[in-house]
Structure formats: structure tokens, C-alpha cells
>>> print(open('data_30.txt').read())   # compact mmCIF, all heavy atoms
# COMPACT_ATOMS: atom_id res chain seq x y z
N MET H 1222 -235.03 103.61 7.06
CA MET H 1222 -233.78 104.11 6.53
C MET H 1222 -232.65 103.12 6.83
O MET H 1222 -232.48 102.71 7.96
CB MET H 1222 -233.45 105.45 7.16
CG MET H 1222 -234.35 106.57 6.76
SD MET H 1222 -233.61 108.10 7.32
CE MET H 1222 -234.80 109.22 6.70
N GLY H 1223 -231.93 102.80 5.80
CA GLY H 1223 -230.85 101.83 5.97
C GLY H 1223 -229.52 102.50 6.27
O GLY H 1223 -229.42 103.72 6.33
N PRO H 1224 -228.49 101.71 6.44
CA PRO H 1224 -227.17 102.25 6.77
C PRO H 1224 -226.54 103.06 5.64
O PRO H 1224 -225.58 103.78 5.87
CB PRO H 1224 -226.34 101.01 7.07
CG PRO H 1224 -227.04 99.89 6.40
CD PRO H 1224 -228.49 100.26 6.39
N TYR H 1225 -227.05 102.94 4.42
CA TYR H 1225 -226.48 103.68 3.31
C TYR H 1225 -226.75 105.18 3.42
O TYR H 1225 -226.19 105.96 2.70
CB TYR H 1225 -226.97 103.16 1.97
CG TYR H 1225 -228.47 103.07 1.84
CD1 TYR H 1225 -229.23 104.19 1.53
CD2 TYR H 1225 -229.13 101.86 2.01
CE1 TYR H 1225 -230.60 104.12 1.42
CE2 TYR H 1225 -230.50 101.77 1.89
CZ TYR H 1225 -231.22 102.90 1.59
OH TYR H 1225 -232.57 102.83 1.47
N TYR H 1226 -227.62 105.60 4.34
CA TYR H 1226 -227.90 107.02 4.52
C TYR H 1226 -226.80 107.72 5.30
O TYR H 1226 -226.68 108.91 5.27
CB TYR H 1226 -229.23 107.22 5.25
CG TYR H 1226 -230.41 107.17 4.32
CD1 TYR H 1226 -231.13 106.01 4.13
CD2 TYR H 1226 -230.79 108.30 3.61
CE1 TYR H 1226 -232.20 105.97 3.27
CE2 TYR H 1226 -231.86 108.28 2.75
CZ TYR H 1226 -232.57 107.10 2.59
OH TYR H 1226 -233.62 107.08 1.72
N ARG H 1227 -226.00 106.97 6.04
CA ARG H 1227 -224.92 107.59 6.82
C ARG H 1227 -223.85 108.12 5.89
O ARG H 1227 -223.38 107.42 5.00
CB ARG H 1227 -224.30 106.56 7.76
CG ARG H 1227 -225.14 106.34 8.99
CD ARG H 1227 -224.39 105.46 9.96
NE ARG H 1227 -225.31 104.41 10.38
CZ ARG H 1227 -224.97 103.16 10.58
NH1 ARG H 1227 -223.75 102.77 10.43
NH2 ARG H 1227 -225.87 102.29 10.96
N GLY H 1228 -223.46 109.34 6.10
CA GLY H 1228 -222.35 109.91 5.34
C GLY H 1228 -222.70 110.29 3.90
O GLY H 1228 -221.81 110.50 3.10
N THR H 1229 -223.98 110.35 3.57
CA THR H 1229 -224.37 110.76 2.22
C THR H 1229 -225.08 112.10 2.30
O THR H 1229 -225.65 112.46 3.33
CB THR H 1229 -225.32 109.74 1.56
OG1 THR H 1229 -226.49 109.62 2.34
CG2 THR H 1229 -224.67 108.39 1.39
N SER H 1230 -225.02 112.84 1.22
CA SER H 1230 -225.74 114.10 1.17
C SER H 1230 -227.24 113.82 1.10
O SER H 1230 -227.67 112.70 0.82
CB SER H 1230 -225.30 114.92 -0.05
OG SER H 1230 -225.70 114.27 -1.23
N GLN H 1231 -228.04 114.85 1.32
CA GLN H 1231 -229.48 114.67 1.30
C GLN H 1231 -229.95 114.27 -0.10
O GLN H 1231 -230.85 113.45 -0.24
CB GLN H 1231 -230.17 115.95 1.75
CG GLN H 1231 -231.66 115.77 1.97
CD GLN H 1231 -232.28 116.99 2.62
OE1 GLN H 1231 -231.59 117.93 2.96
NE2 GLN H 1231 -233.59 116.96 2.79
N GLY H 1232 -229.33 114.84 -1.13
CA GLY H 1232 -229.71 114.50 -2.50
C GLY H 1232 -229.41 113.05 -2.82
O GLY H 1232 -230.19 112.37 -3.48
N MET H 1233 -228.26 112.57 -2.35
CA MET H 1233 -227.90 111.17 -2.59
C MET H 1233 -228.85 110.25 -1.83
O MET H 1233 -229.25 109.20 -2.33
CB MET H 1233 -226.45 110.93 -2.16
CG MET H 1233 -225.91 109.63 -2.68
SD MET H 1233 -225.99 109.59 -4.47
CE MET H 1233 -224.39 108.99 -4.84
N GLY H 1234 -229.22 110.65 -0.63
CA GLY H 1234 -230.18 109.86 0.15
C GLY H 1234 -231.52 109.78 -0.54
O GLY H 1234 -232.16 108.73 -0.56
N ALA H 1235 -231.95 110.89 -1.14
CA ALA H 1235 -233.22 110.91 -1.88
C ALA H 1235 -233.13 109.99 -3.10
O ALA H 1235 -234.09 109.32 -3.45
CB ALA H 1235 -233.56 112.33 -2.31
N PHE H 1236 -231.95 109.95 -3.73
CA PHE H 1236 -231.75 109.07 -4.88
C PHE H 1236 -231.89 107.60 -4.47
O PHE H 1236 -232.60 106.83 -5.12
CB PHE H 1236 -230.35 109.32 -5.48
CG PHE H 1236 -229.97 108.38 -6.58
CD1 PHE H 1236 -230.55 108.49 -7.83
CD2 PHE H 1236 -229.02 107.39 -6.37
CE1 PHE H 1236 -230.20 107.62 -8.86
CE2 PHE H 1236 -228.67 106.52 -7.38
CZ PHE H 1236 -229.26 106.64 -8.63
N PHE H 1237 -231.24 107.22 -3.36
CA PHE H 1237 -231.36 105.84 -2.88
C PHE H 1237 -232.79 105.53 -2.48
O PHE H 1237 -233.28 104.42 -2.71
CB PHE H 1237 -230.42 105.59 -1.70
CG PHE H 1237 -228.98 105.43 -2.10
CD1 PHE H 1237 -228.00 106.21 -1.52
CD2 PHE H 1237 -228.62 104.50 -3.05
CE1 PHE H 1237 -226.67 106.06 -1.87
CE2 PHE H 1237 -227.29 104.34 -3.42
CZ PHE H 1237 -226.32 105.13 -2.82
N ASP H 1238 -233.47 106.48 -1.87
CA ASP H 1238 -234.85 106.28 -1.46
C ASP H 1238 -235.75 106.06 -2.67
O ASP H 1238 -236.63 105.21 -2.67
CB ASP H 1238 -235.32 107.49 -0.65
CG ASP H 1238 -236.57 107.20 0.14
OD1 ASP H 1238 -236.69 106.06 0.64
OD2 ASP H 1238 -237.42 108.10 0.24
N MET H 1239 -235.49 106.82 -3.75
CA MET H 1239 -236.28 106.66 -4.97
C MET H 1239 -236.06 105.27 -5.57
O MET H 1239 -237.00 104.62 -6.01
CB MET H 1239 -235.87 107.74 -5.98
CG MET H 1239 -236.63 107.69 -7.29
SD MET H 1239 -236.07 108.91 -8.48
CE MET H 1239 -234.37 108.44 -8.73
N LEU H 1240 -234.80 104.80 -5.56
CA LEU H 1240 -234.54 103.46 -6.09
C LEU H 1240 -235.21 102.38 -5.24
O LEU H 1240 -235.67 101.37 -5.75
CB LEU H 1240 -233.02 103.20 -6.14
CG LEU H 1240 -232.25 103.97 -7.20
CD1 LEU H 1240 -230.79 103.59 -7.14
CD2 LEU H 1240 -232.79 103.72 -8.59
N TYR H 1241 -235.24 102.61 -3.92
CA TYR H 1241 -235.89 101.66 -3.02
C TYR H 1241 -237.39 101.61 -3.26
O TYR H 1241 -238.00 100.53 -3.23
CB TYR H 1241 -235.59 102.05 -1.57
CG TYR H 1241 -236.19 101.11 -0.56
CD1 TYR H 1241 -235.64 99.85 -0.35
CD2 TYR H 1241 -237.30 101.48 0.18
CE1 TYR H 1241 -236.19 98.99 0.58
CE2 TYR H 1241 -237.86 100.63 1.11
CZ TYR H 1241 -237.29 99.38 1.30
OH TYR H 1241 -237.86 98.54 2.22
N GLU H 1242 -237.99 102.76 -3.52
CA GLU H 1242 -239.43 102.80 -3.73
C GLU H 1242 -239.83 102.32 -5.12
O GLU H 1242 -240.92 101.81 -5.31
CB GLU H 1242 -239.95 104.23 -3.53
CG GLU H 1242 -239.90 104.68 -2.09
CD GLU H 1242 -240.35 106.11 -1.92
OE1 GLU H 1242 -240.86 106.69 -2.90
OE2 GLU H 1242 -240.19 106.65 -0.81
N HIS H 1243 -238.94 102.47 -6.10
CA HIS H 1243 -239.23 102.09 -7.49
C HIS H 1243 -238.09 101.22 -8.02
O HIS H 1243 -237.20 101.72 -8.71
CB HIS H 1243 -239.40 103.32 -8.37
CG HIS H 1243 -240.37 104.32 -7.84
ND1 HIS H 1243 -241.73 104.10 -7.87
CD2 HIS H 1243 -240.20 105.51 -7.25
CE1 HIS H 1243 -242.34 105.14 -7.33
NE2 HIS H 1243 -241.43 106.01 -6.93
N PRO H 1244 -238.10 99.92 -7.73
CA PRO H 1244 -236.99 99.06 -8.15
C PRO H 1244 -236.82 98.98 -9.67
O PRO H 1244 -235.72 98.68 -10.15
CB PRO H 1244 -237.33 97.69 -7.58
CG PRO H 1244 -238.60 97.82 -6.86
CD PRO H 1244 -239.09 99.22 -6.95
N ILE H 1245 -237.85 99.27 -10.45
CA ILE H 1245 -237.72 99.23 -11.91
C ILE H 1245 -236.71 100.27 -12.37
O ILE H 1245 -236.01 100.07 -13.37
CB ILE H 1245 -239.10 99.43 -12.59
CG1 ILE H 1245 -239.01 99.13 -14.08
CG2 ILE H 1245 -239.61 100.83 -12.39
CD1 ILE H 1245 -238.85 97.66 -14.39
N LEU H 1246 -236.59 101.38 -11.64
CA LEU H 1246 -235.59 102.41 -11.99
C LEU H 1246 -234.18 101.86 -11.84
O LEU H 1246 -233.29 102.20 -12.61
CB LEU H 1246 -235.77 103.65 -11.12
CG LEU H 1246 -237.05 104.44 -11.35
CD1 LEU H 1246 -237.15 105.57 -10.35
CD2 LEU H 1246 -237.11 104.96 -12.77
N MET H 1247 -233.97 101.00 -10.84
CA MET H 1247 -232.65 100.40 -10.66
C MET H 1247 -232.33 99.50 -11.85
O MET H 1247 -231.21 99.51 -12.36
CB MET H 1247 -232.60 99.60 -9.36
CG MET H 1247 -231.20 99.18 -8.97
SD MET H 1247 -231.11 98.19 -7.49
CE MET H 1247 -231.96 99.22 -6.30
N LEU H 1248 -233.31 98.75 -12.32
CA LEU H 1248 -233.09 97.89 -13.49
C LEU H 1248 -232.77 98.74 -14.72
O LEU H 1248 -231.88 98.40 -15.50
CB LEU H 1248 -234.32 97.02 -13.75
CG LEU H 1248 -234.62 95.95 -12.71
CD1 LEU H 1248 -235.94 95.26 -13.04
CD2 LEU H 1248 -233.49 94.94 -12.64
N LEU H 1249 -233.49 99.84 -14.90
CA LEU H 1249 -233.23 100.72 -16.03
C LEU H 1249 -231.84 101.35 -15.93
O LEU H 1249 -231.12 101.46 -16.92
CB LEU H 1249 -234.29 101.81 -16.11
CG LEU H 1249 -235.69 101.35 -16.50
CD1 LEU H 1249 -236.68 102.50 -16.36
CD2 LEU H 1249 -235.70 100.81 -17.91
N PHE H 1250 -231.46 101.75 -14.73
CA PHE H 1250 -230.15 102.36 -14.51
C PHE H 1250 -229.03 101.36 -14.82
O PHE H 1250 -228.07 101.68 -15.52
CB PHE H 1250 -230.06 102.85 -13.06
CG PHE H 1250 -228.76 103.53 -12.74
CD1 PHE H 1250 -228.50 104.80 -13.20
CD2 PHE H 1250 -227.82 102.89 -11.96
CE1 PHE H 1250 -227.31 105.44 -12.90
CE2 PHE H 1250 -226.62 103.51 -11.65
CZ PHE H 1250 -226.37 104.79 -12.12
N VAL H 1251 -229.16 100.15 -14.31
CA VAL H 1251 -228.15 99.11 -14.56
C VAL H 1251 -228.11 98.75 -16.04
O VAL H 1251 -227.04 98.60 -16.63
CB VAL H 1251 -228.42 97.86 -13.68
CG1 VAL H 1251 -227.54 96.70 -14.09
CG2 VAL H 1251 -228.20 98.20 -12.22
N GLY H 1252 -229.27 98.62 -16.67
CA GLY H 1252 -229.33 98.32 -18.10
C GLY H 1252 -228.68 99.40 -18.94
O GLY H 1252 -227.96 99.12 -19.90
N GLY H 1253 -228.91 100.66 -18.57
CA GLY H 1253 -228.29 101.76 -19.29
C GLY H 1253 -226.78 101.77 -19.12
O GLY H 1253 -226.04 102.02 -20.08
N ALA H 1254 -226.31 101.47 -17.92
CA ALA H 1254 -224.86 101.43 -17.68
C ALA H 1254 -224.22 100.30 -18.46
O ALA H 1254 -223.15 100.48 -19.07
CB ALA H 1254 -224.59 101.26 -16.19
N VAL H 1255 -224.85 99.14 -18.49
CA VAL H 1255 -224.32 98.00 -19.25
C VAL H 1255 -224.34 98.32 -20.74
O VAL H 1255 -223.36 98.05 -21.46
CB VAL H 1255 -225.12 96.72 -18.93
CG1 VAL H 1255 -224.78 95.60 -19.90
CG2 VAL H 1255 -224.86 96.28 -17.50
N GLY H 1256 -225.42 98.90 -21.23
CA GLY H 1256 -225.50 99.26 -22.64
C GLY H 1256 -224.44 100.27 -23.04
O GLY H 1256 -223.83 100.15 -24.10
N THR H 1257 -224.20 101.26 -22.18
CA THR H 1257 -223.16 102.24 -22.46
C THR H 1257 -221.78 101.60 -22.48
O THR H 1257 -220.95 101.90 -23.35
CB THR H 1257 -223.21 103.38 -21.41
OG1 THR H 1257 -224.53 103.94 -21.42
CG2 THR H 1257 -222.18 104.44 -21.69
N ALA H 1258 -221.52 100.72 -21.53
CA ALA H 1258 -220.23 100.03 -21.47
C ALA H 1258 -220.01 99.18 -22.72
O ALA H 1258 -218.91 99.18 -23.30
CB ALA H 1258 -220.14 99.16 -20.22
N ILE H 1259 -221.03 98.47 -23.16
CA ILE H 1259 -220.91 97.64 -24.37
C ILE H 1259 -220.68 98.51 -25.59
O ILE H 1259 -219.86 98.19 -26.45
CB ILE H 1259 -222.18 96.77 -24.55
CG1 ILE H 1259 -222.20 95.68 -23.48
CG2 ILE H 1259 -222.23 96.15 -25.94
CD1 ILE H 1259 -223.48 94.88 -23.45
N TYR H 1260 -221.35 99.67 -25.66
CA TYR H 1260 -221.18 100.58 -26.79
C TYR H 1260 -219.73 101.05 -26.89
O TYR H 1260 -219.12 101.01 -27.96
CB TYR H 1260 -222.14 101.76 -26.63
CG TYR H 1260 -221.89 102.87 -27.62
CD1 TYR H 1260 -222.29 102.74 -28.94
CD2 TYR H 1260 -221.25 104.03 -27.24
CE1 TYR H 1260 -222.07 103.76 -29.86
CE2 TYR H 1260 -221.02 105.05 -28.15
CZ TYR H 1260 -221.42 104.91 -29.46
OH TYR H 1260 -221.20 105.91 -30.35
N PHE H 1261 -219.18 101.52 -25.77
CA PHE H 1261 -217.81 102.01 -25.80
C PHE H 1261 -216.80 100.89 -26.04
O PHE H 1261 -215.79 101.08 -26.69
CB PHE H 1261 -217.48 102.77 -24.52
CG PHE H 1261 -218.07 104.16 -24.51
CD1 PHE H 1261 -219.07 104.49 -23.62
CD2 PHE H 1261 -217.63 105.12 -25.41
CE1 PHE H 1261 -219.62 105.77 -23.63
CE2 PHE H 1261 -218.16 106.39 -25.42
CZ PHE H 1261 -219.17 106.72 -24.52
N TRP H 1262 -217.08 99.69 -25.50
CA TRP H 1262 -216.18 98.55 -25.70
C TRP H 1262 -216.15 98.16 -27.18
O TRP H 1262 -215.09 97.91 -27.74
CB TRP H 1262 -216.63 97.38 -24.84
CG TRP H 1262 -215.76 96.17 -25.01
CD1 TRP H 1262 -214.50 95.99 -24.54
CD2 TRP H 1262 -216.10 94.98 -25.72
NE1 TRP H 1262 -214.04 94.76 -24.91
CE2 TRP H 1262 -214.99 94.11 -25.63
CE3 TRP H 1262 -217.23 94.57 -26.43
CZ2 TRP H 1262 -215.00 92.86 -26.22
CZ3 TRP H 1262 -217.22 93.32 -27.01
CH2 TRP H 1262 -216.12 92.49 -26.91
N ARG H 1263 -217.32 98.12 -27.81
CA ARG H 1263 -217.37 97.77 -29.24
C ARG H 1263 -216.72 98.86 -30.10
O ARG H 1263 -216.07 98.55 -31.09
CB ARG H 1263 -218.82 97.55 -29.68
CG ARG H 1263 -219.40 96.27 -29.07
CD ARG H 1263 -220.76 96.02 -29.59
NE ARG H 1263 -220.71 95.78 -31.03
CZ ARG H 1263 -221.68 95.27 -31.75
NH1 ARG H 1263 -222.81 94.96 -31.15
NH2 ARG H 1263 -221.57 95.09 -33.03
N LYS H 1264 -216.90 100.11 -29.72
CA LYS H 1264 -216.30 101.21 -30.45
C LYS H 1264 -214.77 101.13 -30.37
O LYS H 1264 -214.08 101.32 -31.36
CB LYS H 1264 -216.79 102.53 -29.84
CG LYS H 1264 -216.46 103.75 -30.64
CD LYS H 1264 -217.12 104.96 -29.99
CE LYS H 1264 -216.72 106.22 -30.68
NZ LYS H 1264 -217.28 107.40 -30.03
N LYS H 1265 -214.26 100.78 -29.19
CA LYS H 1265 -212.82 100.65 -28.99
C LYS H 1265 -212.27 99.46 -29.79
O LYS H 1265 -211.24 99.57 -30.45
CB LYS H 1265 -212.52 100.47 -27.51
CG LYS H 1265 -211.05 100.31 -27.20
CD LYS H 1265 -210.85 100.05 -25.72
CE LYS H 1265 -209.46 99.50 -25.52
NZ LYS H 1265 -209.31 98.79 -24.28
N SER H 1266 -212.96 98.33 -29.76
CA SER H 1266 -212.47 97.15 -30.47
C SER H 1266 -212.54 97.35 -31.99
O SER H 1266 -211.70 96.83 -32.71
CB SER H 1266 -213.23 95.89 -30.05
OG SER H 1266 -214.58 95.97 -30.45
N THR H 1267 -213.49 98.14 -32.46
CA THR H 1267 -213.58 98.42 -33.89
C THR H 1267 -212.40 99.30 -34.33
O THR H 1267 -211.82 99.07 -35.40
CB THR H 1267 -214.90 99.15 -34.22
OG1 THR H 1267 -215.99 98.34 -33.78
CG2 THR H 1267 -215.04 99.40 -35.70
N LYS H 1268 -212.01 100.24 -33.51
CA LYS H 1268 -210.84 101.09 -33.81
C LYS H 1268 -209.58 100.26 -33.88
O LYS H 1268 -208.74 100.45 -34.75
CB LYS H 1268 -210.67 102.16 -32.73
CG LYS H 1268 -211.31 103.46 -33.05
CD LYS H 1268 -210.88 104.48 -32.00
CE LYS H 1268 -211.66 105.75 -32.16
NZ LYS H 1268 -211.35 106.73 -31.12
N GLU H 1269 -209.42 99.31 -32.95
CA GLU H 1269 -208.23 98.47 -32.91
C GLU H 1269 -208.16 97.59 -34.15
O GLU H 1269 -207.09 97.38 -34.72
CB GLU H 1269 -208.21 97.62 -31.67
CG GLU H 1269 -207.93 98.42 -30.40
CD GLU H 1269 -208.07 97.59 -29.14
OE1 GLU H 1269 -208.47 96.40 -29.26
OE2 GLU H 1269 -207.79 98.11 -28.07
N GLN H 1270 -209.30 97.07 -34.60
CA GLN H 1270 -209.31 96.20 -35.78
C GLN H 1270 -209.02 96.98 -37.06
O GLN H 1270 -208.38 96.49 -37.96
CB GLN H 1270 -210.67 95.50 -35.91
CG GLN H 1270 -210.86 94.41 -34.88
CD GLN H 1270 -212.23 93.77 -35.01
OE1 GLN H 1270 -213.03 94.17 -35.84
NE2 GLN H 1270 -212.49 92.77 -34.18
N SER H 1271 -209.47 98.22 -37.13
CA SER H 1271 -209.24 99.01 -38.34
C SER H 1271 -207.78 99.41 -38.47
O SER H 1271 -207.31 99.71 -39.56
CB SER H 1271 -210.14 100.24 -38.36
OG SER H 1271 -209.79 101.11 -37.32
N GLY H 1272 -207.04 99.40 -37.37
CA GLY H 1272 -205.63 99.77 -37.40
C GLY H 1272 -204.72 98.64 -37.83
O GLY H 1272 -203.53 98.83 -38.03
N LEU H 1273 -205.24 97.45 -38.02
CA LEU H 1273 -204.41 96.29 -38.39
C LEU H 1273 -203.94 96.34 -39.82
O LEU H 1273 -204.39 96.76 -40.73
CB LEU H 1273 -205.17 94.98 -38.17
CG LEU H 1273 -205.40 94.64 -36.71
CD1 LEU H 1273 -206.24 93.37 -36.63
CD2 LEU H 1273 -204.09 94.40 -36.00
>>> encode(input="data_30.txt", output="C-alpha cells")
Amino acid sequence: MGPYYRGTSQGMGAFFDMLYEHPILMLLFVGGAVGTAIYFWRKKSTKEQSGL
């Protein structure tokens, strides 16, 4: 158990433990976050261009 377990709820600790045991989930999580950010960024920039 690493220092990230201090001050976290048991559910959050289980989440970190799952990521530690299955690093592919971390890659999927990061990829999903990046994909979502790009989606909203492109949606916002498309709105700005249509207002010109």
C-alpha cells in the first residue's frame, strides 16, 4: 500500500488498487478523458466559428 491510501475513503483506495493491478485500465481512463476533452474543445470552437 502506497502513501495515496492515506486520507482516502475505502472506495477510493479500492479504485487506486484496481488501477495498480490493471494498468491497462489507467490507459483507458486517460484516453477517455483526453477524448472527452477534445470532443468538447472541438464543439466549442465550432460554435465560435459559426458565430462569425
>>> atom_distance(input="data_30.txt", atom1="atom O of Tyr1260 of chain H", atom2="atom O of Gly1232 of chain H")
29.2 Å
>>> atom_distance(input="data_30.txt", atom1="atom CG of Phe1236 of chain H", atom2="atom CB of Phe1250 of chain H")
8.5 Å
>>> atom_distance(input="data_30.txt", atom1="atom CE2 of Phe1261 of chain H", atom2="atom CZ of Phe1237 of chain H")
24.1 Å
>>> axis_aligned_box(input="data_30.txt", around="segment 1236-1248 of chain H", padding_each_side="6 Å", output="lines of an AutoDock Vina configuration file")
center_x = -234.3
center_y = 102.4
center_z = -6.6
size_x = 28.0
size_y = 27.0
size_z = 29.7
